[in-house]
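Encoded as structure tokens, the structure appears first; notes follow it.
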Amino acid sequence: MKNIFYPSSVAVFASMKEGKTGYEIVKNMVEGGFEGAIYPISPGSTGEIFQVKIYSDYRDLEIDLAIIAIPGQYIPPLLEDLGKKGTKRIVVISAGFSEVGNIAEEKKIKRIAEKYKMRIIGPNCAGIMNTENNFFASIEVRALPGHTAFITQSGALGGAVLMMAEELNFGFSKFVSFGNRCDVDEIDLIAYFKNDPQTKVIALYMEGLIKGREFLYQVGKTVSTKPIVAIKAGRSKAGMRATSSHTGSLAGEDQIYETAFHQAGILRVEGVEEMFDLCRALNYYTKIEGNRIGIITNSGGPAVLAVDKLEELGLIVTEPSAVLRNNLKKILPPHVSLGNPFDLLAYGEADNFCQVSKKIAPEYDAIIAIFVPTSFMDSTVIATALGKIKEEIKIPIFANFMAGRLVKEAIAILEHYGIPNYNTGERCAKVIQKIYQYTMKLKKLDNENKIN
Amino acid sequence: MHRLIEKAKGEHRPLLETEAKELLEEYGITVPAFRLIKSEQDIKEINEFLGYPVVMKIVSPDIIHKSEAGGVKIGIPDEEHARKAYQDILSKVKEYNNKAQINGIITYQMCPASTEVIIGMMQDPHFGPVIMFGLGGIFVEVLKDISFRILPIKERDAEEMISEIKGYSILKGVRGEPPKDLSAIKEVLIRLSTLVMENPEIQEIDLNPILVYEKGVQVVDARIIL
């Protein structure tokens, strides 16, 4: 699998005319800065594309990985040819296979792959990317570097996610659109990303599984090392299977997926935004050991909203102990709230934010720092101060700096120090709940392993 | 393959209620003691082995909806009524379907009313065997207050399944009622998991209802489909 993402030479079989798939892929590879050999291959064509020579014949070329975007009927003979040449890694972008009912043609491809022991991604996919070696074999916008591997069943959604990510400055380690998964599927990819040093979090968009139990087995082996975040589309689809029992009629497909994900330790999210929120945090923190959440704020309203959401999700906004309260009293100006949320009012200066964070940390499992800029308080100062004490306080700290361009610079500082910021406390709460749930799940799995 | 399953499979039919209960008992899941009454002569045994009041139900591979076919009588107080019920069930069932094969009438002591739960199992096309748990009656029918797990399950999974339904507080005892035997429910879930994993031919199971007491449970009705 590894060489699919780290090829030494790549041939692109496609039309190289401006605006066509081949043209866009070669453009992305060249502009992206891929350092391996690139061979645009288009029969009957000559000349150059982005200063790379176009070949009309590939027989003398050594091809490590082939990207194919030619009409479907020409693919089997090409694969046969490549198989004989010894090319083992293939990405088929072309559509028109099982997704439109053309199952026979897809089976043909699969058989050729088996015959030559090739690994094929696709068909009907949007390609693959690896930000570590600047390899962008896709028509989609090039991903920024990061530590989240994104696996998507839908190519179009993959493209949209990449564009949203670019706007949010969210990076990826690898990107794979696996399309019809005639060979490489989500199970292979999870197995590979489990051991990929560039990947800290695995994110998955799926519409349906074929090998459910194998999938759960692979997930089970992976989640103790790396969190898996998944969007499962098709939530509303009712169970369609024919059953004669009561149980069968009650088991909706989505509820079974929900159960399976929960049991395996997959963190299910509702949609793309929640996926970004959670992956961003998981890049920095994978553990929240308990459900006691401390809130430090300079503003009442946002803190109340955060509290409501936290409690709705089963987390506790615990009151501080008498000793802690007393200690806080000594260091804080009068009128400041000594209960949780710790409302610093207009005294919410960097020094107070840091002192309270440090003091309360031993009694809490995570902290949310809420800050709404005032005319006399610079949010970048608070962000920097919190960033500097992040390591010292030992428990995860989340930020809810509000809002928009007022705090844009501060958010960049927080991110630099590895503090995820969300523009509402409710989003902070959701992320915290998921990480806490993941921590508890790992503990449970660990205990079971010990018993066995 | 288990002999009961092999036999039913050979005859292309689900397990009979008696067979289903025998299989459950083999895996340590408690069902009310029962006898299969095959003739009027057998009715004498009821007093000796079971004791009144009893429930009598038709056992036939051709009758799926037993109540609809007039094949169920409950609260039978003594031998005299048992004889009458026996005749009555046979004639009603014949009227309903005169070609139905009749294996006999399952008879068991009536269990005292209590909180009802349902445990079920089905084969999911993607994830394989799945187990379900819920409170009986409207909780399942109307509110769909149920939990699922992919099999096999361990003790912790069974505990979670029980505690994550909304009606959990009813099992724990509300309005002064004593709590129900949660560990007995847990036991059924785990034992059913073993039963299903060891008998992959089973497609669907309904244990409905299961009566839950302060101490112990009774699986009153069981359907096992191959």
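Ligands are numbered from 1 in the order shown, chains are lettered A, B, ... in the order of the structure tokens, and residues start at 1 in each chain.
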
What residues in segment 51-258 of chain A get the DSSP label helix (DSSP H, G or I)? Please answer as a count of residues only.
75

Show me, as number ranges by chain, the residues of chain B whose atoms get within 7 Å of chain A, using only C-alpha atoms for the distance check.
B: 120-122, 126-127, 132, 148-150, 204-206

For segment 156-158 of chain B, list every protein, DNA or RNA residue within 9 Å, evaluated using only C-alpha atoms, and leave out those in the same chain fewer than 2 positions away; present the list as a PyMOL selection string.
(chain A and resi 263+444+448) or (chain B and resi 149+153-154+160-163+185-187+189-190)

For Val407 of chain A, list every protein, DNA or RNA residue within 12 Å, evaluated using only C-alpha atoms, and leave out those in the same chain fewer than 5 positions away; present the list as a ChimeraX atom specification.
/A:370-374,377-383,399-402,412-414,421-423

Selection above as a file: N, CA, C and O atoms, as a PDB file, in the first residue's frame:
```
ATOM      1  N   ILE A 370     -13.092  31.175  27.479  1.00  0.00           N
ATOM      2  CA  ILE A 370     -13.950  31.998  26.626  1.00  0.00           C
ATOM      3  C   ILE A 370     -13.499  33.449  26.718  1.00  0.00           C
ATOM      4  O   ILE A 370     -13.282  33.965  27.818  1.00  0.00           O
ATOM      5  N   PHE A 371     -13.343  34.060  25.567  1.00  0.00           N
ATOM      6  CA  PHE A 371     -12.907  35.460  25.587  1.00  0.00           C
ATOM      7  C   PHE A 371     -13.623  36.268  24.518  1.00  0.00           C
ATOM      8  O   PHE A 371     -13.663  35.901  23.357  1.00  0.00           O
ATOM      9  N   VAL A 372     -14.218  37.338  24.970  1.00  0.00           N
ATOM     10  CA  VAL A 372     -14.832  38.289  24.036  1.00  0.00           C
ATOM     11  C   VAL A 372     -14.048  39.586  24.179  1.00  0.00           C
ATOM     12  O   VAL A 372     -14.002  40.160  25.269  1.00  0.00           O
ATOM     13  N   PRO A 373     -13.378  40.026  23.114  1.00  0.00           N
ATOM     14  CA  PRO A 373     -12.499  41.203  23.232  1.00  0.00           C
ATOM     15  C   PRO A 373     -13.256  42.452  23.679  1.00  0.00           C
ATOM     16  O   PRO A 373     -14.416  42.642  23.321  1.00  0.00           O
ATOM     17  N   THR A 374     -12.579  43.268  24.465  1.00  0.00           N
ATOM     18  CA  THR A 374     -13.143  44.559  24.853  1.00  0.00           C
ATOM     19  C   THR A 374     -12.232  45.631  24.262  1.00  0.00           C
ATOM     20  O   THR A 374     -11.160  45.317  23.745  1.00  0.00           O
ATOM     21  N   MET A 377      -8.832  45.318  25.932  1.00  0.00           N
ATOM     22  CA  MET A 377      -8.101  44.049  26.074  1.00  0.00           C
ATOM     23  C   MET A 377      -7.782  43.456  24.709  1.00  0.00           C
ATOM     24  O   MET A 377      -8.666  43.182  23.926  1.00  0.00           O
ATOM     25  N   ASP A 378      -6.526  43.236  24.457  1.00  0.00           N
ATOM     26  CA  ASP A 378      -6.075  42.701  23.181  1.00  0.00           C
ATOM     27  C   ASP A 378      -6.121  41.166  23.225  1.00  0.00           C
ATOM     28  O   ASP A 378      -5.467  40.538  24.057  1.00  0.00           O
ATOM     29  N   SER A 379      -6.897  40.590  22.323  1.00  0.00           N
ATOM     30  CA  SER A 379      -7.066  39.131  22.366  1.00  0.00           C
ATOM     31  C   SER A 379      -5.771  38.383  22.070  1.00  0.00           C
ATOM     32  O   SER A 379      -5.581  37.253  22.525  1.00  0.00           O
ATOM     33  N   THR A 380      -4.875  38.992  21.298  1.00  0.00           N
ATOM     34  CA  THR A 380      -3.629  38.276  20.985  1.00  0.00           C
ATOM     35  C   THR A 380      -2.765  38.095  22.240  1.00  0.00           C
ATOM     36  O   THR A 380      -2.040  37.113  22.367  1.00  0.00           O
ATOM     37  N   VAL A 381      -2.868  39.046  23.162  1.00  0.00           N
ATOM     38  CA  VAL A 381      -2.094  38.933  24.409  1.00  0.00           C
ATOM     39  C   VAL A 381      -2.594  37.747  25.229  1.00  0.00           C
ATOM     40  O   VAL A 381      -1.810  36.951  25.752  1.00  0.00           O
ATOM     41  N   ILE A 382      -3.918  37.628  25.328  1.00  0.00           N
ATOM     42  CA  ILE A 382      -4.514  36.502  26.067  1.00  0.00           C
ATOM     43  C   ILE A 382      -4.133  35.178  25.394  1.00  0.00           C
ATOM     44  O   ILE A 382      -3.742  34.222  26.059  1.00  0.00           O
ATOM     45  N   ALA A 383      -4.233  35.159  24.047  1.00  0.00           N
ATOM     46  CA  ALA A 383      -3.935  33.931  23.307  1.00  0.00           C
ATOM     47  C   ALA A 383      -2.496  33.490  23.553  1.00  0.00           C
ATOM     48  O   ALA A 383      -2.228  32.317  23.823  1.00  0.00           O
ATOM     49  N   ALA A 399     -10.367  26.728  23.364  1.00  0.00           N
ATOM     50  CA  ALA A 399     -10.652  28.158  23.360  1.00  0.00           C
ATOM     51  C   ALA A 399     -11.945  28.457  22.621  1.00  0.00           C
ATOM     52  O   ALA A 399     -12.296  27.783  21.659  1.00  0.00           O
ATOM     53  N   ASN A 400     -12.644  29.443  23.125  1.00  0.00           N
ATOM     54  CA  ASN A 400     -13.818  29.975  22.442  1.00  0.00           C
ATOM     55  C   ASN A 400     -13.656  31.495  22.432  1.00  0.00           C
ATOM     56  O   ASN A 400     -14.220  32.197  23.236  1.00  0.00           O
ATOM     57  N   PHE A 401     -12.783  31.939  21.511  1.00  0.00           N
ATOM     58  CA  PHE A 401     -12.581  33.373  21.346  1.00  0.00           C
ATOM     59  C   PHE A 401     -13.612  33.847  20.341  1.00  0.00           C
ATOM     60  O   PHE A 401     -13.730  33.304  19.252  1.00  0.00           O
ATOM     61  N   MET A 402     -14.384  34.857  20.721  1.00  0.00           N
ATOM     62  CA  MET A 402     -15.470  35.308  19.868  1.00  0.00           C
ATOM     63  C   MET A 402     -15.223  36.749  19.461  1.00  0.00           C
ATOM     64  O   MET A 402     -14.902  37.535  20.296  1.00  0.00           O
ATOM     65  N   ALA A 412      -5.053  32.370  15.335  1.00  0.00           N
ATOM     66  CA  ALA A 412      -3.835  31.859  14.700  1.00  0.00           C
ATOM     67  C   ALA A 412      -2.778  31.584  15.770  1.00  0.00           C
ATOM     68  O   ALA A 412      -2.051  30.585  15.703  1.00  0.00           O
ATOM     69  N   ILE A 413      -2.698  32.454  16.758  1.00  0.00           N
ATOM     70  CA  ILE A 413      -1.723  32.255  17.851  1.00  0.00           C
ATOM     71  C   ILE A 413      -2.082  31.001  18.656  1.00  0.00           C
ATOM     72  O   ILE A 413      -1.233  30.169  18.950  1.00  0.00           O
ATOM     73  N   LEU A 414      -3.372  30.880  18.969  1.00  0.00           N
ATOM     74  CA  LEU A 414      -3.820  29.700  19.730  1.00  0.00           C
ATOM     75  C   LEU A 414      -3.462  28.425  18.962  1.00  0.00           C
ATOM     76  O   LEU A 414      -2.922  27.467  19.537  1.00  0.00           O
ATOM     77  N   ASN A 421      -9.498  26.391  18.666  1.00  0.00           N
ATOM     78  CA  ASN A 421     -10.498  27.412  18.974  1.00  0.00           C
ATOM     79  C   ASN A 421     -11.775  27.155  18.185  1.00  0.00           C
ATOM     80  O   ASN A 421     -11.724  26.755  17.027  1.00  0.00           O
ATOM     81  N   TYR A 422     -12.888  27.385  18.838  1.00  0.00           N
ATOM     82  CA  TYR A 422     -14.182  27.251  18.160  1.00  0.00           C
ATOM     83  C   TYR A 422     -14.964  28.528  18.395  1.00  0.00           C
ATOM     84  O   TYR A 422     -14.889  29.095  19.500  1.00  0.00           O
ATOM     85  N   ASN A 423     -15.745  28.923  17.390  1.00  0.00           N
ATOM     86  CA  ASN A 423     -16.387  30.223  17.572  1.00  0.00           C
ATOM     87  C   ASN A 423     -17.659  30.186  18.413  1.00  0.00           C
ATOM     88  O   ASN A 423     -18.290  31.204  18.622  1.00  0.00           O
TER      89      ASN A 423
END
```

Excluding Glu105 of chain A and any residue of its chain fewer than 3 positions from it, enumerate the residues within 12 Å of it, using only C-alpha atoms, and give them as a list in words.
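My list of contacting residues is Pro71, Gly72, Gln73, Tyr74, Ile75, Pro76, Pro77, Ala95, Gly96, Phe97, Ser98, Glu99, Val100, Gly101, Asn102, Lys108, Ile109, Lys110, Arg111, Ile112, Pro123 and Cys182 of chain A.
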
Using only C-alpha atoms, determine which residues lie at most 10 Å from segment 85-95 of chain B, disregarding the query and same-chain residues fewer than 5 positions distant; provide the list as a list of chain:residue names.
B:Ile37, B:Lys38, B:Ser39, B:Glu40, B:Ile43, B:Val55, B:Met56, B:Lys57, B:Ile58, B:Ser60, B:Ile63, B:Lys66, B:Ser67, B:Glu68, B:Ala69, B:Gly70, B:Gly71, B:Val72, B:Lys73, B:Ile74, B:Ile76, B:Glu79, B:Glu80, B:Ala100, B:Gln101, B:Ile102, B:Gly104, B:Ile105, B:Thr107

For atom CA of His81 of chain B and atom CA of Asn47 of chain B, determine how far apart the two atoms are, in Å to one decimal place.
12.5 Å

List the spatial neighbours of segment 214-222 of chain B as a list of chain:residue names - criterion: any atom at most 8 Å away, only C-alpha atoms, same-chain residues fewer than 2 positions off excluded.
B:Glu17, B:Ala20, B:Lys21, B:Ile29, B:Thr30, B:Val31, B:Pro32, B:Cys111, B:Pro178, B:Pro179, B:Lys180, B:Asp181, B:Ala184, B:Ile185, B:Ile205, B:Asp206, B:Leu207, B:Asn208, B:Pro209, B:Ile210, B:Leu211, B:Val212, B:Ile224

With C-alpha atoms retained, write the just-selected residues as a PDB file, in the first residue's frame.
```
ATOM      1  CA  GLU B  17     -41.764 -23.494  20.490  1.00  0.00           C
ATOM      2  CA  ALA B  20     -36.746 -23.341  20.849  1.00  0.00           C
ATOM      3  CA  LYS B  21     -37.274 -23.566  24.606  1.00  0.00           C
ATOM      4  CA  ILE B  29     -31.657 -19.491  29.697  1.00  0.00           C
ATOM      5  CA  THR B  30     -34.614 -20.060  32.015  1.00  0.00           C
ATOM      6  CA  VAL B  31     -37.984 -20.885  30.518  1.00  0.00           C
ATOM      7  CA  PRO B  32     -41.021 -21.985  32.542  1.00  0.00           C
ATOM      8  CA  CYS B 111     -46.032 -16.994  35.346  1.00  0.00           C
ATOM      9  CA  PRO B 178     -38.390  -2.822  44.133  1.00  0.00           C
ATOM     10  CA  PRO B 179     -35.710  -3.073  41.424  1.00  0.00           C
ATOM     11  CA  LYS B 180     -35.867  -5.895  38.891  1.00  0.00           C
ATOM     12  CA  ASP B 181     -33.158  -8.521  38.536  1.00  0.00           C
ATOM     13  CA  ALA B 184     -30.543 -12.053  35.286  1.00  0.00           C
ATOM     14  CA  ILE B 185     -31.337  -9.997  32.163  1.00  0.00           C
ATOM     15  CA  ILE B 205     -34.822 -14.854  17.414  1.00  0.00           C
ATOM     16  CA  ASP B 206     -37.623 -13.232  19.398  1.00  0.00           C
ATOM     17  CA  LEU B 207     -37.759 -13.850  23.138  1.00  0.00           C
ATOM     18  CA  ASN B 208     -40.997 -11.976  23.736  1.00  0.00           C
ATOM     19  CA  PRO B 209     -42.044 -11.502  26.396  1.00  0.00           C
ATOM     20  CA  ILE B 210     -39.483 -12.188  29.069  1.00  0.00           C
ATOM     21  CA  LEU B 211     -40.940 -11.610  32.528  1.00  0.00           C
ATOM     22  CA  VAL B 212     -38.483  -9.963  34.898  1.00  0.00           C
ATOM     23  CA  ILE B 224     -36.256 -19.127  16.563  1.00  0.00           C
TER      24      ILE B 224
END
```

Taking the DSSP assignment computed from this structure's backbone, write out as a compact mmCIF listing (two decimals) with N, CA, C and O atoms, in the first residue's frame all residues of segment 59-223 of chain B that belong to strand (DSSP E or B).
```txt
# COMPACT_ATOMS: atom_id res chain seq x y z
N VAL B 59 -48.78 -26.35 19.17
CA VAL B 59 -47.45 -26.48 18.60
C VAL B 59 -47.60 -27.06 17.20
O VAL B 59 -47.99 -28.23 17.05
N VAL B 72 -54.40 -20.57 21.62
CA VAL B 72 -53.80 -20.20 22.91
C VAL B 72 -54.88 -20.09 23.98
O VAL B 72 -55.92 -19.46 23.76
N LYS B 73 -54.66 -20.72 25.13
CA LYS B 73 -55.57 -20.54 26.28
C LYS B 73 -54.71 -20.25 27.51
O LYS B 73 -53.72 -20.95 27.75
N ILE B 74 -55.11 -19.23 28.24
CA ILE B 74 -54.31 -18.91 29.44
C ILE B 74 -55.17 -19.02 30.69
O ILE B 74 -56.40 -19.04 30.61
N GLY B 75 -54.48 -19.10 31.82
CA GLY B 75 -55.17 -19.10 33.11
C GLY B 75 -56.07 -20.32 33.32
O GLY B 75 -57.15 -20.20 33.90
N ILE B 76 -55.64 -21.46 32.85
CA ILE B 76 -56.44 -22.68 33.03
C ILE B 76 -56.25 -23.19 34.46
O ILE B 76 -55.14 -23.54 34.85
N GLY B 104 -48.69 -31.18 18.98
CA GLY B 104 -49.17 -31.32 20.34
C GLY B 104 -49.51 -29.95 20.89
O GLY B 104 -49.63 -28.98 20.15
N ILE B 105 -49.69 -29.91 22.21
CA ILE B 105 -50.00 -28.63 22.86
C ILE B 105 -49.00 -28.41 23.98
O ILE B 105 -48.85 -29.25 24.86
N ILE B 106 -48.27 -27.30 23.87
CA ILE B 106 -47.29 -27.00 24.92
C ILE B 106 -48.04 -26.42 26.12
O ILE B 106 -48.93 -25.56 25.97
N THR B 107 -47.71 -26.94 27.28
CA THR B 107 -48.38 -26.52 28.50
C THR B 107 -47.33 -26.14 29.54
O THR B 107 -46.35 -26.86 29.73
N TYR B 108 -47.50 -24.97 30.12
CA TYR B 108 -46.57 -24.56 31.18
C TYR B 108 -47.31 -23.73 32.22
O TYR B 108 -48.37 -23.15 31.94
N GLN B 109 -46.74 -23.71 33.40
CA GLN B 109 -47.39 -22.98 34.48
C GLN B 109 -47.41 -21.49 34.17
O GLN B 109 -46.46 -20.94 33.64
N THR B 115 -42.82 -6.91 35.08
CA THR B 115 -42.29 -6.08 33.99
C THR B 115 -41.83 -6.99 32.85
O THR B 115 -41.18 -8.00 33.07
N GLU B 116 -42.20 -6.60 31.62
CA GLU B 116 -41.84 -7.41 30.46
C GLU B 116 -40.71 -6.78 29.68
O GLU B 116 -40.71 -5.58 29.43
N VAL B 117 -39.74 -7.61 29.30
CA VAL B 117 -38.71 -7.13 28.37
C VAL B 117 -38.67 -8.06 27.15
O VAL B 117 -39.22 -9.15 27.16
N ILE B 118 -38.03 -7.54 26.11
CA ILE B 118 -37.87 -8.31 24.87
C ILE B 118 -36.39 -8.40 24.55
O ILE B 118 -35.66 -7.40 24.65
N ILE B 119 -35.95 -9.59 24.19
CA ILE B 119 -34.59 -9.73 23.68
C ILE B 119 -34.73 -10.42 22.32
O ILE B 119 -35.47 -11.39 22.18
N GLY B 120 -34.06 -9.87 21.34
CA GLY B 120 -34.16 -10.44 20.00
C GLY B 120 -32.81 -10.50 19.32
O GLY B 120 -31.82 -9.98 19.82
N MET B 121 -32.79 -11.17 18.20
CA MET B 121 -31.56 -11.27 17.43
C MET B 121 -31.91 -11.37 15.96
O MET B 121 -32.95 -11.93 15.60
N MET B 122 -31.08 -10.77 15.13
CA MET B 122 -31.26 -10.92 13.68
C MET B 122 -29.90 -10.87 12.99
O MET B 122 -28.93 -10.40 13.56
N GLN B 123 -29.87 -11.39 11.77
CA GLN B 123 -28.64 -11.33 10.99
C GLN B 123 -28.68 -10.08 10.13
O GLN B 123 -29.55 -9.91 9.30
N ASP B 124 -27.70 -9.18 10.36
CA ASP B 124 -27.63 -7.99 9.53
C ASP B 124 -26.78 -8.32 8.29
O ASP B 124 -25.77 -9.00 8.41
N GLY B 128 -23.53 -9.00 10.34
CA GLY B 128 -23.77 -10.32 10.90
C GLY B 128 -24.76 -10.27 12.05
O GLY B 128 -25.63 -9.40 12.09
N PRO B 129 -24.62 -11.20 13.01
CA PRO B 129 -25.63 -11.28 14.07
C PRO B 129 -25.65 -10.04 14.96
O PRO B 129 -24.62 -9.56 15.42
N VAL B 130 -26.87 -9.54 15.20
CA VAL B 130 -27.10 -8.34 16.01
C VAL B 130 -28.11 -8.70 17.10
O VAL B 130 -29.08 -9.40 16.81
N ILE B 131 -27.88 -8.25 18.32
CA ILE B 131 -28.82 -8.55 19.41
C ILE B 131 -29.56 -7.27 19.79
O ILE B 131 -29.00 -6.17 19.68
N MET B 132 -30.81 -7.43 20.21
CA MET B 132 -31.62 -6.27 20.56
C MET B 132 -32.19 -6.45 21.97
O MET B 132 -32.50 -7.58 22.37
N PHE B 133 -32.34 -5.35 22.67
CA PHE B 133 -32.96 -5.38 23.99
C PHE B 133 -33.94 -4.22 24.13
O PHE B 133 -33.67 -3.11 23.65
N GLY B 134 -35.06 -4.47 24.79
CA GLY B 134 -36.01 -3.38 25.03
C GLY B 134 -37.04 -3.78 26.05
O GLY B 134 -37.16 -4.96 26.40
N LEU B 135 -37.77 -2.79 26.54
CA LEU B 135 -38.89 -3.08 27.44
C LEU B 135 -40.08 -3.48 26.59
O LEU B 135 -40.28 -2.93 25.50
N ILE B 146 -35.16 0.91 22.24
CA ILE B 146 -34.42 -0.33 22.16
C ILE B 146 -32.93 -0.06 22.01
O ILE B 146 -32.53 1.01 21.56
N SER B 147 -32.12 -1.05 22.39
CA SER B 147 -30.68 -0.92 22.18
C SER B 147 -30.18 -2.14 21.41
O SER B 147 -30.79 -3.21 21.48
N PHE B 148 -29.11 -1.95 20.69
CA PHE B 148 -28.55 -3.02 19.87
C PHE B 148 -27.06 -3.22 20.16
O PHE B 148 -26.39 -2.29 20.61
N ARG B 149 -26.56 -4.39 19.86
CA ARG B 149 -25.12 -4.64 19.83
C ARG B 149 -24.84 -5.68 18.74
O ARG B 149 -25.65 -6.57 18.49
N ILE B 150 -23.67 -5.55 18.14
CA ILE B 150 -23.21 -6.57 17.21
C ILE B 150 -22.66 -7.72 18.07
O ILE B 150 -21.95 -7.47 19.05
N GLU B 204 -33.10 -15.46 12.95
CA GLU B 204 -33.77 -14.48 13.79
C GLU B 204 -34.28 -15.14 15.07
O GLU B 204 -34.65 -16.32 15.05
N ILE B 205 -34.28 -14.37 16.14
CA ILE B 205 -34.82 -14.85 17.41
C ILE B 205 -35.69 -13.76 18.02
O ILE B 205 -35.32 -12.58 17.98
N ASP B 206 -36.83 -14.15 18.57
CA ASP B 206 -37.62 -13.23 19.40
C ASP B 206 -37.88 -13.92 20.73
O ASP B 206 -38.51 -14.98 20.75
N LEU B 207 -37.37 -13.37 21.81
CA LEU B 207 -37.76 -13.85 23.14
C LEU B 207 -38.71 -12.77 23.65
O LEU B 207 -38.27 -11.70 24.08
N ASN B 208 -40.00 -13.04 23.52
CA ASN B 208 -41.00 -11.98 23.74
C ASN B 208 -42.32 -12.55 24.19
O ASN B 208 -42.98 -13.21 23.41
N PRO B 209 -42.74 -12.32 25.39
CA PRO B 209 -42.04 -11.50 26.40
C PRO B 209 -41.13 -12.34 27.29
O PRO B 209 -41.26 -13.55 27.38
N ILE B 210 -40.24 -11.60 27.97
CA ILE B 210 -39.48 -12.19 29.07
C ILE B 210 -39.98 -11.48 30.32
O ILE B 210 -39.99 -10.24 30.37
N LEU B 211 -40.47 -12.24 31.29
CA LEU B 211 -40.94 -11.61 32.53
C LEU B 211 -39.76 -11.45 33.47
O LEU B 211 -38.98 -12.38 33.67
N VAL B 212 -39.61 -10.24 34.01
CA VAL B 212 -38.48 -9.96 34.90
C VAL B 212 -38.99 -9.75 36.31
O VAL B 212 -39.87 -8.92 36.54
N VAL B 217 -35.67 -14.36 35.88
CA VAL B 217 -36.50 -14.02 34.72
C VAL B 217 -37.12 -15.30 34.17
O VAL B 217 -36.65 -16.40 34.48
N GLN B 218 -38.19 -15.17 33.40
CA GLN B 218 -38.78 -16.31 32.70
C GLN B 218 -39.02 -15.92 31.24
O GLN B 218 -39.70 -14.93 30.96
N VAL B 219 -38.47 -16.72 30.33
CA VAL B 219 -38.74 -16.49 28.92
C VAL B 219 -40.03 -17.21 28.59
O VAL B 219 -40.08 -18.43 28.50
N ALA B 222 -40.88 -17.94 22.86
CA ALA B 222 -39.63 -17.90 22.11
C ALA B 222 -39.86 -18.33 20.68
O ALA B 222 -40.53 -19.33 20.43
N ARG B 223 -39.32 -17.54 19.75
CA ARG B 223 -39.36 -17.92 18.32
C ARG B 223 -37.93 -17.94 17.81
O ARG B 223 -37.17 -16.99 18.01
```

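Interatomic distance, atom CA of Pro112 of chain B against atom CA of Pro53 of chain B: 10.3 Å.
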
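Taking atom CA of Lys85 of chain A and atom CA of Phe5 of chain A as endpoints, the distance between them is 20.0 Å.
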
Measuring between only C-alpha atoms, which one of A:Phe353, A:Phe170, A:Ala322, A:Ile49 shows the shortest distance to Gly339 of chain A?
A:Ala322

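Restricting the calculation to only C-alpha atoms, the smallest distance between Thr152 of chain A and any of A:Lys329, A:Arg292, A:Arg181, A:Lys359 is found for A:Arg181.
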